[in-house]
Amino acid sequence: MKVSELGEFGFIERIKKILESKVIGDDTAPIRVGDRTLLLTCDVLLQDKHFKLTYPPTAVGWKVISVNVSDLTASGGTPLYALVSLVLPDMEVEFMEEVYLGMKKACEFYRCEVVGGNVSKGERLCIDVFMLGETGRFVGRRGAKRGDGVFVSGTLGDSRAGLELLLMEKKNYEDFELRLIEKHLRPTARVDFSKHISKYANASMDISDGLSSDAQKLAKASGVKLSLFSERIPLSQELLTFCKKYRKDPLYYALSGGEDYELLFTHTPEKLNPFLSMVQIGVVEEGEGVYLDGSYLEPTGFDHFKVL
Ligand SMILES: [Mg+2]
């Protein structure tokens, strides 16, 4: 059987069975060391899949650190150290130096450090980052409780719009278009939410594959139903302008567009923090699946083996 017949998530289920693992499936793996809870995570950027060699290399470096920090933040944690494993073609050294400058900048921003790695020769550039973090209280995807509010951070759909704009390879972009492209190239992990998540969230994950797919994963892991309301889903002014200009549906971008690296989490509605960029988009109910305005919501986000 080919992996594409199972899809990315069916494949992971098969691996879990072989490893007889009851813990695999959250954004990070928590481990107890002495009296500390450390978090382990890894994520990879692959040439021509996640980035092109025409992208600014500092952005590629920034992003590969950010996507790992995003998983740690989703678990209520903060980053400590990273290892970088490279599959490296015989390419310009200067390009890779810029990639590492981007990683360094990101590490300075998130207050963590690259402390080692590995290099192996290959056909296409692949940057795999393993990251170690720490939390006072780990939050996974399984704890959503009936009566919880469903919250998201920031705005959704911007990254996908930015990617489409990038692929248009236009000579001139408008300001709002450049801002969307920037969101795709240089996402920022929501480290401002880390304390809020570890203090209040019952379940949490980052939105890397698109809200419709990621909400489905959270609902399944927690054994609950999520009822979402489309008018509550936060959309940026830039995305609205983009959709007006190119005659697109902003809701489609928010539900299906991946790589926003915003957070999806649940806790009691009263814990909404007005000082954080967060909005309640729904409620946790008894049952299963994700519903939008009362209708079942198909997961239409990103699956590595079922692409478009
Ligand atoms: Mg994640």
# chains A, B, ... in the order shown; residues from 1 in each chain; ligands from 1
call {"tool": "residues_near_ligand", "arguments": {"ligand": "ligand 1", "cutoff": "6 Å", "atoms": "only C-alpha atoms and all ligand atoms", "output": "list in words"}}
result
Asp27, Asp71, Met205, Asp206 and Ser208 of chain A
call {"tool": "write_last_selection", "arguments": {"atoms": "N, CA and C atoms", "output": "PDB file, in the first residue's frame"}}
result
ATOM      1  N   ASP A  27       1.265  18.273  19.779  1.00  0.00           N
ATOM      2  CA  ASP A  27       2.231  19.116  19.067  1.00  0.00           C
ATOM      3  C   ASP A  27       3.651  18.897  19.571  1.00  0.00           C
ATOM      4  N   ASP A  71       4.969  24.976  17.885  1.00  0.00           N
ATOM      5  CA  ASP A  71       4.498  23.741  18.528  1.00  0.00           C
ATOM      6  C   ASP A  71       4.723  23.786  20.039  1.00  0.00           C
ATOM      7  N   MET A 205      -3.502  23.410  20.290  1.00  0.00           N
ATOM      8  CA  MET A 205      -2.604  22.996  19.206  1.00  0.00           C
ATOM      9  C   MET A 205      -2.346  24.221  18.337  1.00  0.00           C
ATOM     10  N   ASP A 206      -1.323  24.151  17.490  1.00  0.00           N
ATOM     11  CA  ASP A 206      -1.165  25.288  16.582  1.00  0.00           C
ATOM     12  C   ASP A 206      -1.847  24.969  15.261  1.00  0.00           C
ATOM     13  N   SER A 208      -1.447  24.667  11.785  1.00  0.00           N
ATOM     14  CA  SER A 208      -0.441  24.604  10.725  1.00  0.00           C
ATOM     15  C   SER A 208      -1.023  24.058   9.427  1.00  0.00           C
TER      16      SER A 208
END
call {"tool": "residues_around", "arguments": {"residues": "Gly223 (chain A)", "least_positions_apart": "2", "cutoff": "9 Å", "atoms": "only C-alpha atoms", "output": "PyMOL selection string"}}
result
chain A and resi 142-144+218-221+225+286-289
call {"tool": "atom_distance", "arguments": {"atom1": "CA of Leu228 (chain A)", "atom2": "CA of Val284 (chain A)"}}
result
8.8 Å
call {"tool": "residues_around", "arguments": {"residues": "region 190-195 of chain A", "least_positions_apart": "4", "cutoff": "9 Å", "atoms": "only C-alpha atoms", "output": "PyMOL selection string"}}
result
chain A and resi 69-70+72-78+110+135-136+153-154+199-200+261-263+276
call {"tool": "select_by_dssp", "arguments": {"residues": "region 17-265 of chain A", "states": "strand (DSSP E or B)", "output": "number ranges by chain"}}
result
A: 29-33, 36-47, 51, 78-88, 113-121, 126-135, 149-153, 203-207, 225-228, 262-265
call {"tool": "residues_around", "arguments": {"residues": "Val67 (chain A)", "least_positions_apart": "4", "cutoff": "9 Å", "atoms": "only C-alpha atoms", "output": "PyMOL selection string"}}
result
chain A and resi 42-44+62-63+71+187-189+208+259+261
call {"tool": "atom_distance", "arguments": {"atom1": "CA of Phe229 (chain A)", "atom2": "CA of Met278 (chain A)"}}
result
14.8 Å
call {"tool": "residues_around", "arguments": {"residues": "Ile15 (chain A)", "least_positions_apart": "6", "cutoff": "12 Å", "atoms": "only C-alpha atoms", "output": "ChimeraX atom specification"}}
result
/A:3,6,8-9,21-25
call {"tool": "write_last_selection", "arguments": {"atoms": "N, CA and C atoms", "output": "PDB file, in the first residue's frame"}}
result
ATOM      1  N   VAL A   3       1.663   5.276   0.761  1.00  0.00           N
ATOM      2  CA  VAL A   3       1.326   6.209   1.840  1.00  0.00           C
ATOM      3  C   VAL A   3       0.158   7.112   1.439  1.00  0.00           C
ATOM      4  N   LEU A   6      -3.272   6.105   2.407  1.00  0.00           N
ATOM      5  CA  LEU A   6      -3.645   6.297   3.812  1.00  0.00           C
ATOM      6  C   LEU A   6      -3.790   7.769   4.160  1.00  0.00           C
ATOM      7  N   GLU A   8      -1.501  11.361   5.303  1.00  0.00           N
ATOM      8  CA  GLU A   8      -0.519  11.608   6.363  1.00  0.00           C
ATOM      9  C   GLU A   8      -1.010  11.082   7.709  1.00  0.00           C
ATOM     10  N   PHE A   9      -2.297  11.321   8.011  1.00  0.00           N
ATOM     11  CA  PHE A   9      -2.764  11.032   9.356  1.00  0.00           C
ATOM     12  C   PHE A   9      -3.089   9.556   9.553  1.00  0.00           C
ATOM     13  N   SER A  21       2.163   3.152  21.044  1.00  0.00           N
ATOM     14  CA  SER A  21       2.277   4.423  21.753  1.00  0.00           C
ATOM     15  C   SER A  21       0.922   5.011  22.093  1.00  0.00           C
ATOM     16  N   LYS A  22       0.823   5.437  23.329  1.00  0.00           N
ATOM     17  CA  LYS A  22      -0.403   6.129  23.744  1.00  0.00           C
ATOM     18  C   LYS A  22      -0.145   7.627  23.844  1.00  0.00           C
ATOM     19  N   VAL A  23       1.098   8.042  23.612  1.00  0.00           N
ATOM     20  CA  VAL A  23       1.406   9.469  23.788  1.00  0.00           C
ATOM     21  C   VAL A  23       1.538  10.234  22.469  1.00  0.00           C
ATOM     22  N   ILE A  24       1.885   9.550  21.367  1.00  0.00           N
ATOM     23  CA  ILE A  24       2.088  10.263  20.101  1.00  0.00           C
ATOM     24  C   ILE A  24       0.797  10.957  19.674  1.00  0.00           C
ATOM     25  N   GLY A  25       0.903  12.172  19.175  1.00  0.00           N
ATOM     26  CA  GLY A  25      -0.289  12.818  18.639  1.00  0.00           C
ATOM     27  C   GLY A  25      -0.487  14.260  19.067  1.00  0.00           C
TER      28      GLY A  25
END
call {"tool": "select_by_dssp", "arguments": {"residues": "region 9-97 of chain A", "states": "alpha helix (DSSP H)", "output": "MDAnalysis selection string"}}
result
chainID A and resid 9:19 57:74 93:97
call {"tool": "residues_around", "arguments": {"residues": "region 52-59 of chain A", "least_positions_apart": "5", "cutoff": "7 Å", "atoms": "only C-alpha atoms", "output": "list in words"}}
result
Gln47, Phe95, Glu98, Val99, Leu101, Gly102, Leu185 and Arg186 of chain A
call {"tool": "write_last_selection", "arguments": {"atoms": "C-alpha atoms", "output": "PDB file, in the first residue's frame"}}
result
ATOM      1  CA  GLN A  47      13.031  22.593  -0.803  1.00  0.00           C
ATOM      2  CA  PHE A  95      22.842  30.907   0.648  1.00  0.00           C
ATOM      3  CA  GLU A  98      22.003  33.507   5.133  1.00  0.00           C
ATOM      4  CA  VAL A  99      19.690  30.676   6.213  1.00  0.00           C
ATOM      5  CA  LEU A 101      21.608  34.130   9.949  1.00  0.00           C
ATOM      6  CA  GLY A 102      17.804  33.884   9.779  1.00  0.00           C
ATOM      7  CA  LEU A 185       7.597  33.860   4.550  1.00  0.00           C
ATOM      8  CA  ARG A 186       8.221  34.923   8.135  1.00  0.00           C
TER       9      ARG A 186
END
call {"tool": "closest_residue", "arguments": {"among": "A:Pro269, A:Pro274, A:Gly157, A:Gly294", "to": "Leu239 (chain A)", "atoms": "only C-alpha atoms"}}
result
A:Gly157
call {"tool": "closest_residue", "arguments": {"among": "A:Asp26, A:Glu298, A:Glu270, A:Glu285", "to": "Val139 (chain A)", "atoms": "only C-alpha atoms"}}
result
A:Asp26
call {"tool": "closest_residue", "arguments": {"among": "A:Ile65, A:Ile18, A:Leu255, A:Leu226", "to": "Gly149 (chain A)", "atoms": "only C-alpha atoms"}}
result
A:Leu226
